[in-house]
>>> print(open('protein-v2.cif').read())   # mmCIF, C-alpha atoms
data_my_file
loop_
_atom_site.label_atom_id
_atom_site.label_comp_id
_atom_site.auth_asym_id
_atom_site.auth_seq_id
_atom_site.Cartn_x
_atom_site.Cartn_y
_atom_site.Cartn_z
CA MET A 1 78.19 96.48 94.99
CA ARG A 2 81.31 95.70 96.98
CA VAL A 3 84.89 97.02 97.03
CA VAL A 4 87.51 94.27 96.88
CA GLN A 5 91.16 93.79 96.10
CA VAL A 6 91.41 91.76 92.88
CA GLU A 7 94.00 90.30 90.56
CA PRO A 8 94.65 92.91 87.84
CA HIS A 9 93.79 90.60 84.95
CA VAL A 10 90.19 90.62 86.23
CA THR A 11 89.95 94.28 85.21
CA ARG A 12 91.45 94.02 81.72
CA ALA A 13 88.13 94.05 79.86
CA LEU A 14 86.94 97.15 81.74
CA ARG A 15 90.26 98.97 81.25
CA ASN A 16 90.14 98.04 77.58
CA THR A 17 86.60 99.35 77.09
CA VAL A 18 87.23 102.63 78.91
CA LEU A 19 90.92 103.39 78.30
CA ARG A 20 91.63 101.76 74.93
CA PRO A 21 88.27 101.51 73.14
CA GLY A 22 88.38 99.71 69.84
CA MET A 23 91.76 98.17 70.55
CA ASP A 24 92.63 94.56 71.32
CA VAL A 25 92.47 93.68 75.02
CA GLU A 26 96.23 93.14 74.97
CA ALA A 27 96.52 96.93 74.68
CA VAL A 28 95.86 97.07 78.44
CA HIS A 29 98.11 94.18 79.45
CA TRP A 30 100.61 96.47 81.17
CA PRO A 31 103.46 94.70 82.98
CA ASP A 32 103.66 97.26 85.82
CA ILE A 33 99.94 97.00 86.59
CA GLU A 34 100.08 93.23 86.47
CA SER A 35 103.26 92.89 88.53
CA ASP A 36 103.43 91.27 91.95
CA ALA A 37 104.26 94.65 93.49
CA ALA A 38 101.06 96.31 92.26
CA LEU A 39 97.71 96.25 93.98
CA THR A 40 94.35 96.57 92.27
CA TYR A 41 90.98 97.41 93.75
CA ALA A 42 87.63 97.12 92.03
CA VAL A 43 84.01 97.70 92.80
CA LEU A 44 82.16 94.60 91.69
CA GLY A 45 78.53 94.60 90.64
CA ASP A 46 75.92 92.00 91.55
CA ASP A 47 77.25 89.75 88.77
CA ASP A 48 80.83 90.11 90.10
CA ALA A 49 81.87 92.07 87.02
CA PRO A 50 84.13 95.05 87.79
CA LEU A 51 82.36 98.42 87.52
CA THR A 52 85.46 100.43 88.35
CA THR A 53 89.12 99.70 88.93
CA VAL A 54 92.23 101.43 90.21
CA THR A 55 95.77 100.09 90.48
CA MET A 56 98.63 101.40 92.60
CA VAL A 57 102.26 100.66 91.74
CA PRO A 58 105.19 101.49 94.06
CA VAL A 59 107.06 104.00 91.89
CA PRO A 60 108.92 107.16 93.00
CA CYS A 61 107.36 110.41 91.85
CA PRO A 62 109.48 111.77 88.97
CA TRP A 63 108.94 115.43 89.82
CA ARG A 64 109.56 114.93 93.55
CA PRO A 65 112.91 113.16 93.56
CA ASP A 66 113.17 112.30 97.22
CA ASP A 67 113.13 109.12 99.27
CA ARG A 68 109.54 109.36 100.45
CA PRO A 69 107.53 106.18 99.84
CA ALA A 70 105.32 106.90 96.84
CA TRP A 71 102.84 104.94 94.74
CA GLN A 72 101.68 105.72 91.22
CA LEU A 73 97.99 105.48 90.47
CA ARG A 74 97.52 103.67 87.14
CA GLY A 75 94.78 102.32 84.92
CA MET A 76 91.77 103.82 86.68
CA ALA A 77 88.61 103.11 84.72
CA THR A 78 84.90 103.30 85.49
CA ASP A 79 82.07 101.80 83.46
CA ASP A 80 79.95 104.51 81.82
CA THR A 81 76.78 103.08 83.38
CA VAL A 82 77.92 103.98 86.92
CA ARG A 83 80.05 107.05 86.29
CA GLY A 84 79.14 109.94 88.59
CA GLN A 85 77.64 107.66 91.27
CA GLY A 86 80.63 107.55 93.64
CA VAL A 87 81.74 104.09 92.54
CA GLY A 88 85.17 105.22 91.35
CA ARG A 89 85.74 107.13 94.57
CA ARG A 90 85.02 104.01 96.64
CA ALA A 91 87.74 102.05 94.81
CA LEU A 92 90.18 104.97 94.95
CA ASP A 93 89.64 105.47 98.68
CA ALA A 94 90.23 101.74 99.35
CA ALA A 95 93.48 101.74 97.35
CA VAL A 96 94.73 104.94 99.01
CA ALA A 97 93.92 103.54 102.46
CA HIS A 98 95.87 100.38 101.61
CA VAL A 99 99.05 102.16 100.51
CA ARG A 100 98.80 104.64 103.41
CA ALA A 101 98.64 101.71 105.84
CA ASP A 102 101.75 100.31 104.13
CA GLY A 103 103.66 103.55 104.81
CA ALA A 104 103.14 105.57 101.64
CA VAL A 105 103.24 109.33 102.05
CA LEU A 106 102.44 110.23 98.43
CA VAL A 107 100.23 108.99 95.62
CA TRP A 108 100.84 110.49 92.19
CA CYS A 109 99.44 110.07 88.70
CA ASN A 110 99.28 111.43 85.21
CA ALA A 111 95.57 112.18 85.06
CA ARG A 112 93.52 112.55 81.93
CA ASP A 113 92.24 116.11 81.75
CA VAL A 114 88.64 114.86 81.57
CA ALA A 115 89.14 113.35 85.06
CA LEU A 116 90.93 116.27 86.76
CA SER A 117 87.89 117.36 88.76
CA PHE A 118 87.37 113.78 90.02
CA TYR A 119 90.92 113.63 91.36
CA GLU A 120 90.74 117.17 92.76
CA ARG A 121 87.62 116.21 94.76
CA ALA A 122 89.67 113.30 96.17
CA GLY A 123 92.40 115.72 97.32
CA PHE A 124 94.86 115.45 94.43
CA VAL A 125 96.55 118.65 93.26
CA VAL A 126 97.83 119.45 89.77
CA GLU A 127 101.62 119.69 89.97
CA GLY A 128 102.90 120.76 86.60
CA ASP A 129 102.16 121.61 83.05
CA GLY A 130 99.81 119.54 80.96
CA PHE A 131 100.99 117.27 78.20
CA VAL A 132 99.49 115.21 75.41
CA THR A 133 100.22 111.49 75.16
CA GLU A 134 101.24 109.71 71.98
CA ARG A 135 97.56 108.75 71.58
CA GLY A 136 96.58 112.45 71.64
CA ILE A 137 95.02 112.46 75.13
CA PRO A 138 95.63 115.55 77.31
CA HIS A 139 96.96 114.82 80.82
CA HIS A 140 98.29 116.67 83.87
CA PRO A 141 100.58 115.41 86.63
CA MET A 142 98.81 115.26 90.00
CA ALA A 143 99.72 114.25 93.54
CA LEU A 144 98.02 113.44 96.82
CA ASP A 145 100.06 113.99 99.98
CA LEU A 146 99.24 111.37 102.59
CA GLY A 147 101.37 112.45 105.48
#
>>> encode(input="protein-v2.cif", output="structure tokens")
Amino acid sequence: MRVVQVEPHVTRALRNTVLRPGMDVEAVHWPDIESDAALTYAVLGDDDAPLTTVTMVPVPCPWRPDDRPAWQLRGMATDDTVRGQGVGRRALDAAVAHVRADGAVLVWCNARDVALSFYERAGFVVEGDGFVTERGIPHHPMALDLG
């Protein structure tokens, strides 16, 4: 397995399977994730198929309205066959290191409640009340201070 920066379209099938199961793959063709400003990391298996993916998009944090350089974590997904083996953390750490090197001082996300402990182990902190998306999935806002 290796951690690499990839073009976001390479991770569509994985994001579709994990984040939008049963839906058409176009359900995960998100313009912000697939923009030139975004960066996507993946851990690739021996067959070069992505096992996990994380994308960072330069977006100000809505609950911290200041001028600090911030990136939003989006579209993180890990294949069920490798979940719990540290694969997701490897991709997350690579993406965080990249945006930190580019001057970011904050990474934020709206994390699914089922993944809160994963993000907390990576240093993220819940920063507000939970909410339920239009698809009925509970989330909480979280942030990771980098500087």
>>> closest_atom_pairs(input="protein-v2.cif", of="stretch 12-84 of chain A", to="stretch 108-122 of chain A", cutoff="10 Å", atoms="all atoms listed in the file", output="JSON lines")
{"residue": "A:Met56", "atom": "CA", "partner": "A:Trp108", "partner_atom": "CA", "distance": 9.4}
{"residue": "A:Val57", "atom": "CA", "partner": "A:Trp108", "partner_atom": "CA", "distance": 9.9}
{"residue": "A:Val59", "atom": "CA", "partner": "A:Trp108", "partner_atom": "CA", "distance": 9.0}
{"residue": "A:Pro60", "atom": "CA", "partner": "A:Trp108", "partner_atom": "CA", "distance": 8.8}
{"residue": "A:Cys61", "atom": "CA", "partner": "A:Trp108", "partner_atom": "CA", "distance": 6.5}
{"residue": "A:Pro62", "atom": "CA", "partner": "A:Trp108", "partner_atom": "CA", "distance": 9.3}
{"residue": "A:Trp63", "atom": "CA", "partner": "A:Trp108", "partner_atom": "CA", "distance": 9.8}
{"residue": "A:Arg64", "atom": "CA", "partner": "A:Trp108", "partner_atom": "CA", "distance": 9.9}
{"residue": "A:Ala70", "atom": "CA", "partner": "A:Trp108", "partner_atom": "CA", "distance": 7.4}
{"residue": "A:Trp71", "atom": "CA", "partner": "A:Trp108", "partner_atom": "CA", "distance": 6.4}
{"residue": "A:Gln72", "atom": "CA", "partner": "A:Trp108", "partner_atom": "CA", "distance": 4.9}
{"residue": "A:Leu73", "atom": "CA", "partner": "A:Cys109", "partner_atom": "CA", "distance": 5.1}
{"residue": "A:Arg74", "atom": "CA", "partner": "A:Cys109", "partner_atom": "CA", "distance": 6.9}
{"residue": "A:Gly75", "atom": "CA", "partner": "A:Cys109", "partner_atom": "CA", "distance": 9.8}
{"residue": "A:Met76", "atom": "CA", "partner": "A:Ala111", "partner_atom": "CA", "distance": 9.3}
{"residue": "A:Gly84", "atom": "CA", "partner": "A:Phe118", "partner_atom": "CA", "distance": 9.2}
>>> resolve_selection(input="protein-v2.cif", expression="the PyMOL selection byres ((chain A and resi 68) around 8)", output="list in words")
Pro60, Asp66, Asp67, Pro69, Ala70, Ala104, Val105 and Leu106 of chain A
>>> closest_residue(input="protein-v2.cif", among="A:Ala101, A:Ala91, A:Val10, A:Met1", to="A:Ala42", atoms="all atoms listed in the file")
A:Ala91
>>> resolve_selection(input="protein-v2.cif", expression="the PyMOL selection byres ((chain A and resi 145) around 8)", output="number ranges by chain")
A: 105-107, 124, 143-144, 146-147
>>> resolve_selection(input="protein-v2.cif", expression="the PyMOL selection byres ((chain A and resi 36) around 12)", output="PyMOL selection string")
chain A and resi 7-9+31-35+37-40+55-58
>>> residues_around(input="protein-v2.cif", residues="A:Gly130", least_positions_apart="2", cutoff="8 Å", atoms="all atoms listed in the file", output="count of residues only")
6
>>> axis_aligned_box(input="protein-v2.cif", around="stretch 38-54 of chain A", padding_each_side="5 Å", output="lines of an AutoDock Vina configuration file")
center_x = 88.5
center_y = 95.6
center_z = 90.5
size_x = 35.1
size_y = 21.7
size_z = 17.0
>>> atom_distance(input="protein-v2.cif", atom1="atom CA of A:Val28", atom2="atom CA of A:Thr78")
14.4 Å
>>> atom_distance(input="protein-v2.cif", atom1="atom CA of A:Val18", atom2="atom CA of A:Gly88")
12.9 Å
>>> residues_around(input="protein-v2.cif", residues="A:Val82", least_positions_apart="6", cutoff="12 Å", atoms="only C-alpha atoms", output="list in words")
Met1, Val43, Leu44, Gly45, Pro50, Leu51, Thr52, Gly88 and Arg89 of chain A
>>> atom_distance(input="protein-v2.cif", atom1="atom CA of A:His98", atom2="atom CA of A:Asp80")
25.7 Å
>>> closest_residue(input="protein-v2.cif", among="A:Val3, A:Val126, A:Leu14, A:Leu19", to="A:Arg90", atoms="all atoms listed in the file")
A:Val3
